[in-house]
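Below you'll find the structure, written out as structure tokens, and then a few comments.
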Amino acid sequence: MTDKLKKADRALLELLSGIVVFGVFCQLAGLFFPISSLKYAVGLWGGIIWALLAAVHIWRSLNKAFSCDEKSAAKLIAGGYIIRYLAAAALLLLLYYSNAGYVLAGFLGVMGLKTGAYLQPVTHKFYNKLFHETDPVPQPLEEEGETASENIEEKEVKS
């Protein structure tokens, strides 16, 4: 199974994992409130599923945009944003009018996309341990290192 996970896009995998961890945490936190557990779960996991689909949509949109020229890429990214925004609004309206789940729990689930992004450094460390990997130490490129040292020397001479 780890071989399949290694082949997946690492940033997407880490983001999706963070969203699911957030969903589980919110589900457990909801147990301590005197509310309908079923309606809370429907709203929350509806939002979490939206967040997971939105993360995949962002990943696909970015991959497509990288192969386009600048003007087309800007249109593609803006169009994707509008689609995701309308889908989130549709989910919340569906929860409101159907009374199947709590709208605020759905909004909490939608915010799982943002929380998953904030949890990405934690999930990155987790997957590094799981895959027995380490991050490379960044090194300056040859021309960057020489240029930077030349600029420093020039500033010292002028002073």
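In the structure tokens, each chain is lettered A, B, ... as it comes, each chain's residues begin at 1, and ligands are numbered from 1 in order of appearance.
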- Can you check which residues of stretch 29-152 of chain A DSSP gives as helix (DSSP H, G or I) on the backbone and send them as a PyMOL selection string? chain A and resi 29-30+37-66+70-98+103-110+112-118+120-130+142-152
Show me, as a Markdown table, the residues of stretch 19-68 of chain A having an atom within 7 Å of stretch 72-86 of chain A, each with the closest atom pair and its distance in Å, using only C-alpha atoms.
| residue | atom | partner | partner_atom | distance |
| --- | --- | --- | --- | --- |
| A:Ala54 | CA | A:Arg84 | CA | 6.4 |
| A:Ser61 | CA | A:Ile77 | CA | 6.4 |
| A:Ala65 | CA | A:Ala73 | CA | 4.5 |
| A:Cys68 | CA | A:Ala73 | CA | 5.5 |
- Contacts of A:Val103 at 9 Å or less, counting only C-alpha atoms, minus same-chain residues fewer than 4 places along, as a ChimeraX atom specification? /A:40,43-44,91-96,99,107-108
- Query: Residues at most 9 Å from A:Ile48, counting only C-alpha atoms, excluding those fewer than 5 positions away in the same chain, as a PyMOL selection string?
  - Reply: chain A and resi 19-20+22-23+43+53+106+108-113
Tell me, counting only C-alpha atoms, for each residue of stretch 46-153 of chain A within 12 Å of stretch 28-35 of chain A, which pair of atoms is nearest and how far apart they are in Å to one decimal, in rows ordered by chain and increasing number, as CSV.
residue,atom,partner,partner_atom,distance
A:Gly101,CA,A:Ile35,CA,11.1
A:Tyr102,CA,A:Ile35,CA,9.7
A:Leu104,CA,A:Gly30,CA,11.9
A:Ala105,CA,A:Gly30,CA,9.3
A:Leu108,CA,A:Gly30,CA,11.3
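We find atom CA of A:Ile58 and atom CA of A:Trp45 to be spaced 19.4 Å apart.
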- Message: Please report the interatomic distance between atom CA of A:Val42 and atom CA of A:Ala100 in Å with one decimal.
- Response: 6.9 Å
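Our summary of the geometry notes that atom CA of A:His57 is positioned 15.6 Å from atom CA of A:Ser17.
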